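In what follows, a single structure is set out as structure tokens and then discussed.
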Amino acid sequence: MKRVEDYVRSIPDFPEKGIIFRDVTSVLQDADGLQLAIDEMAKLLEGVDCDVIAGAESRGFIFGMPLAYLLKKPFVLVRKAGKLPCETISKSYELEYGTATIEIHKDAIKPGQKVVLVDDLIATGGTMKAAAELVEELGGEVVKMLFLIELAGLEGRKVLEGYDVGSVVVYEGK
């Protein structure tokens with residue numbers, strides 16, 4: 001029986017020497033790999049009481065949307081700045097080289113709603129921390145953060161300390 005990591009393509013020395021890039025497009029391009037990835041992520045949500053699934057742009061959409069469908073929950077977009085058409089709130093955060101800003105519609109999360117945040121990969125944790133702060137600013141409660149892949153060597157879990165973080169595949173390096 002294949003595991004999700006059997007579908008992940010590892011590309012050495014990308015984007016720079018010494019880094020192994022974990023490519024999820026190879027998972028998406030294989031029907032069995034995609035189905036396995038979604039099924040394994042869904043298993044990590046068993047017993048989690050939630051009202052909403054929210055995904056971070058853009059691969060969080062890819063993995064979060066089928067989970068929302070399976071669980072019969074609404075799906076909320078967390079997007080890059082300037083991409084949402086209605087009134088938003090935003091949060092800026094640090095990247096390795098600079099900053100980024102994400103936004104969510106002001107009416108996307110209702111006070112008291114329990115939210116699962118989804119993305120393809122946890123590296124430094126900055127995007128998901130900012131997404132959690134947006135949910136909390138709207139009065140929601142983050143009950144789980146879910147990732148297909150975790151790069152443990154980048155210590156993103158430390159940034160997300162206090163949250164319930166789950167990942168399907170954990171790579172020890174960066």
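Ligands are numbered from 1 in the order shown, residues from 1 within each chain, and chains are lettered A, B, ... in the order they appear in the structure tokens.
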Excluding A:Thr25 and residues on its chain fewer than 5 positions from it, collect all residues at most 9 Å away from it, counting only C-alpha atoms, and give them as a compact mmCIF listing (two decimals) with all heavy atoms, in the first residue's frame.
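As written to disk, out-v7.txt reads:
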```
# COMPACT_ATOMS: atom_id res chain seq x y z
N VAL A 8 4.95 12.35 -3.21
CA VAL A 8 5.59 13.67 -3.13
C VAL A 8 6.93 13.60 -3.87
O VAL A 8 7.78 12.77 -3.56
CB VAL A 8 5.80 14.11 -1.66
CG1 VAL A 8 6.55 15.43 -1.60
CG2 VAL A 8 4.47 14.19 -0.93
N ARG A 9 7.10 14.51 -4.81
CA ARG A 9 8.35 14.59 -5.56
C ARG A 9 9.32 15.46 -4.76
O ARG A 9 8.99 16.56 -4.37
CB ARG A 9 8.08 15.18 -6.93
CG ARG A 9 9.30 15.29 -7.82
CD ARG A 9 8.97 15.70 -9.24
NE ARG A 9 7.85 16.64 -9.33
CZ ARG A 9 7.13 16.83 -10.44
NH1 ARG A 9 7.37 16.15 -11.52
NH2 ARG A 9 6.14 17.71 -10.44
N ASP A 30 -1.73 12.74 -9.64
CA ASP A 30 -2.01 11.31 -9.59
C ASP A 30 -3.34 11.12 -8.85
O ASP A 30 -3.46 11.51 -7.69
CB ASP A 30 -0.87 10.59 -8.85
CG ASP A 30 -1.02 9.09 -8.92
OD1 ASP A 30 -1.96 8.56 -8.28
OD2 ASP A 30 -0.20 8.44 -9.58
```
>> Among chain A, which ones does DSSP assign to strand (DSSP E or B) (computed from the backbone)? Answer as a ChimeraX atom specification.
In response: /A:9-12,20-23,52-56,75-80,88-95,98-105,114-122,141-151,165-171
>> Using only C-alpha atoms, which protein or nucleic acid residues come within 7 Å of stretch 143-151 of chain A? Drop anything in the same chain fewer than 4 positions from it, and give the result as a ChimeraX atom specification.
In response: /A:41,114-123,163-174
File dump, residues just selected, N, CA, C and O atoms, as an mmCIF file, in the first residue's frame:
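Saved file out19.cif follows:
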```
data_model
loop_
_atom_site.group_PDB
_atom_site.id
_atom_site.type_symbol
_atom_site.label_atom_id
_atom_site.label_comp_id
_atom_site.auth_asym_id
_atom_site.auth_seq_id
_atom_site.Cartn_x
_atom_site.Cartn_y
_atom_site.Cartn_z
ATOM 1 N N MET A 41 -5.823 13.488 5.314
ATOM 2 C CA MET A 41 -6.111 14.746 6.002
ATOM 3 C C MET A 41 -7.448 14.644 6.731
ATOM 4 O O MET A 41 -7.575 15.108 7.873
ATOM 5 N N LYS A 114 -16.194 27.640 15.153
ATOM 6 C CA LYS A 114 -14.987 26.822 15.292
ATOM 7 C C LYS A 114 -14.429 26.567 13.901
ATOM 8 O O LYS A 114 -15.134 26.049 13.027
ATOM 9 N N VAL A 115 -13.154 26.924 13.723
ATOM 10 C CA VAL A 115 -12.551 26.953 12.390
ATOM 11 C C VAL A 115 -11.355 26.004 12.310
ATOM 12 O O VAL A 115 -10.499 25.987 13.200
ATOM 13 N N VAL A 116 -11.297 25.244 11.220
ATOM 14 C CA VAL A 116 -10.116 24.460 10.863
ATOM 15 C C VAL A 116 -9.403 25.219 9.751
ATOM 16 O O VAL A 116 -10.011 25.530 8.722
ATOM 17 N N LEU A 117 -8.125 25.516 9.953
ATOM 18 C CA LEU A 117 -7.304 26.171 8.937
ATOM 19 C C LEU A 117 -6.495 25.118 8.197
ATOM 20 O O LEU A 117 -5.897 24.238 8.831
ATOM 21 N N VAL A 118 -6.450 25.219 6.861
ATOM 22 C CA VAL A 118 -5.792 24.213 6.031
ATOM 23 C C VAL A 118 -4.793 24.870 5.088
ATOM 24 O O VAL A 118 -5.073 25.912 4.496
ATOM 25 N N ASP A 119 -3.642 24.228 4.955
ATOM 26 C CA ASP A 119 -2.667 24.604 3.927
ATOM 27 C C ASP A 119 -1.924 23.348 3.506
ATOM 28 O O ASP A 119 -2.008 22.314 4.170
ATOM 29 N N ASP A 120 -1.200 23.443 2.405
ATOM 30 C CA ASP A 120 -0.491 22.268 1.915
ATOM 31 C C ASP A 120 0.734 21.940 2.755
ATOM 32 O O ASP A 120 1.074 20.792 2.951
ATOM 33 N N LEU A 121 1.388 22.985 3.296
ATOM 34 C CA LEU A 121 2.689 22.773 3.910
ATOM 35 C C LEU A 121 2.915 23.753 5.049
ATOM 36 O O LEU A 121 2.556 24.918 4.944
ATOM 37 N N ILE A 122 3.493 23.272 6.127
ATOM 38 C CA ILE A 122 3.933 24.149 7.201
ATOM 39 C C ILE A 122 5.456 24.208 7.156
ATOM 40 O O ILE A 122 6.131 23.185 7.216
ATOM 41 N N ALA A 123 5.949 25.413 6.998
ATOM 42 C CA ALA A 123 7.397 25.654 7.014
ATOM 43 C C ALA A 123 7.708 26.471 8.265
ATOM 44 O O ALA A 123 7.872 25.910 9.345
ATOM 45 N N TYR A 163 -1.761 26.014 19.428
ATOM 46 C CA TYR A 163 -2.764 25.535 18.486
ATOM 47 C C TYR A 163 -2.599 24.027 18.293
ATOM 48 O O TYR A 163 -1.500 23.487 18.431
ATOM 49 N N ASP A 164 -3.682 23.365 17.934
ATOM 50 C CA ASP A 164 -3.659 21.948 17.606
ATOM 51 C C ASP A 164 -3.226 21.826 16.142
ATOM 52 O O ASP A 164 -3.989 22.164 15.233
ATOM 53 N N VAL A 165 -1.999 21.380 15.928
ATOM 54 C CA VAL A 165 -1.409 21.295 14.594
ATOM 55 C C VAL A 165 -1.303 19.824 14.190
ATOM 56 O O VAL A 165 -0.770 19.008 14.939
ATOM 57 N N GLY A 166 -1.789 19.515 12.990
ATOM 58 C CA GLY A 166 -1.683 18.163 12.461
ATOM 59 C C GLY A 166 -1.113 18.180 11.061
ATOM 60 O O GLY A 166 -1.409 19.081 10.279
ATOM 61 N N SER A 167 -0.276 17.196 10.770
ATOM 62 C CA SER A 167 0.270 17.062 9.417
ATOM 63 C C SER A 167 0.317 15.589 9.049
ATOM 64 O O SER A 167 0.532 14.734 9.907
ATOM 65 N N VAL A 168 0.114 15.308 7.771
ATOM 66 C CA VAL A 168 0.093 13.932 7.287
ATOM 67 C C VAL A 168 1.506 13.388 7.149
ATOM 68 O O VAL A 168 1.807 12.292 7.599
ATOM 69 N N VAL A 169 2.395 14.161 6.536
ATOM 70 C CA VAL A 169 3.772 13.738 6.292
ATOM 71 C C VAL A 169 4.709 14.743 6.963
ATOM 72 O O VAL A 169 4.551 15.951 6.790
ATOM 73 N N VAL A 170 5.678 14.225 7.715
ATOM 74 C CA VAL A 170 6.656 15.086 8.372
ATOM 75 C C VAL A 170 8.038 14.756 7.820
ATOM 76 O O VAL A 170 8.478 13.611 7.878
ATOM 77 N N TYR A 171 8.711 15.793 7.285
ATOM 78 C CA TYR A 171 10.106 15.670 6.866
ATOM 79 C C TYR A 171 10.942 16.387 7.920
ATOM 80 O O TYR A 171 10.642 17.516 8.294
ATOM 81 N N GLU A 172 11.981 15.747 8.386
ATOM 82 C CA GLU A 172 12.789 16.291 9.472
ATOM 83 C C GLU A 172 13.602 17.517 9.053
ATOM 84 O O GLU A 172 13.892 18.360 9.870
ATOM 85 N N GLY A 173 13.987 17.610 7.815
ATOM 86 C CA GLY A 173 14.836 18.723 7.362
ATOM 87 C C GLY A 173 14.058 19.946 6.986
ATOM 88 O O GLY A 173 12.919 20.154 7.389
ATOM 89 N N LYS A 174 14.718 20.795 6.193
ATOM 90 C CA LYS A 174 14.124 22.036 5.704
ATOM 91 C C LYS A 174 13.621 21.842 4.309
ATOM 92 O O LYS A 174 12.972 22.553 3.703
#
```
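Among A:Cys50, A:Ile62, A:Leu77, A:Leu134, the residue with the shortest atom-to-atom distance to A:Lys91, counting only C-alpha atoms, is A:Leu134.
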> Looking at only C-alpha atoms, which of A:Ala132, A:Ala37, A:Ile20, A:Val142 is the one that sits closest to A:Asp51?
Replying inline: A:Val142
> So how many Å separate atom CA of A:Gly139 and atom CA of A:Lys106, to one decimal?
Replying inline: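 Between these atoms lies a distance of 10.5 Å.
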>> For the structure I just gave you, how does DSSP split stretch 23-123 of chain A - specifically, which residues are alpha helix (DSSP H)? Reply as an MDAnalysis selection string.
In response: chainID A and resid 25:28 31:43 59:71
> What gap, in Å, lies between atom CA of A:Glu57 and atom CA of A:Gly125?
Replying inline: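 Separation between atom CA of A:Glu57 and atom CA of A:Gly125: 14.1 Å.
Excluding A:Lys80 and any residue on its chain fewer than 2 positions from it, the residues at most 9 Å away by only C-alpha atoms are A:Ala56, A:Glu57, A:Ser58, A:Val78, A:Gly82, A:Lys83, A:Leu84, A:Ala100, A:Thr101, A:Ile102, A:Glu103, A:Ile104.
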> Using only C-alpha atoms, which of the listed residues (A:Ala130, A:Val52, A:Ile89, A:Leu160) sits closest to A:Lys72?
Replying inline: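 The shortest atom-to-atom distance to A:Lys72 comes from A:Val52.
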>> Measuring between only C-alpha atoms, which one of A:Val4, A:Asp39, A:Ile53, A:Gly126 shows the shortest distance to A:Lys73?
In response: A:Ile53
> So how many Å separate atom CA of A:Lys43 and atom CA of A:Arg3, to one decimal?
Replying inline: 13.8 Å
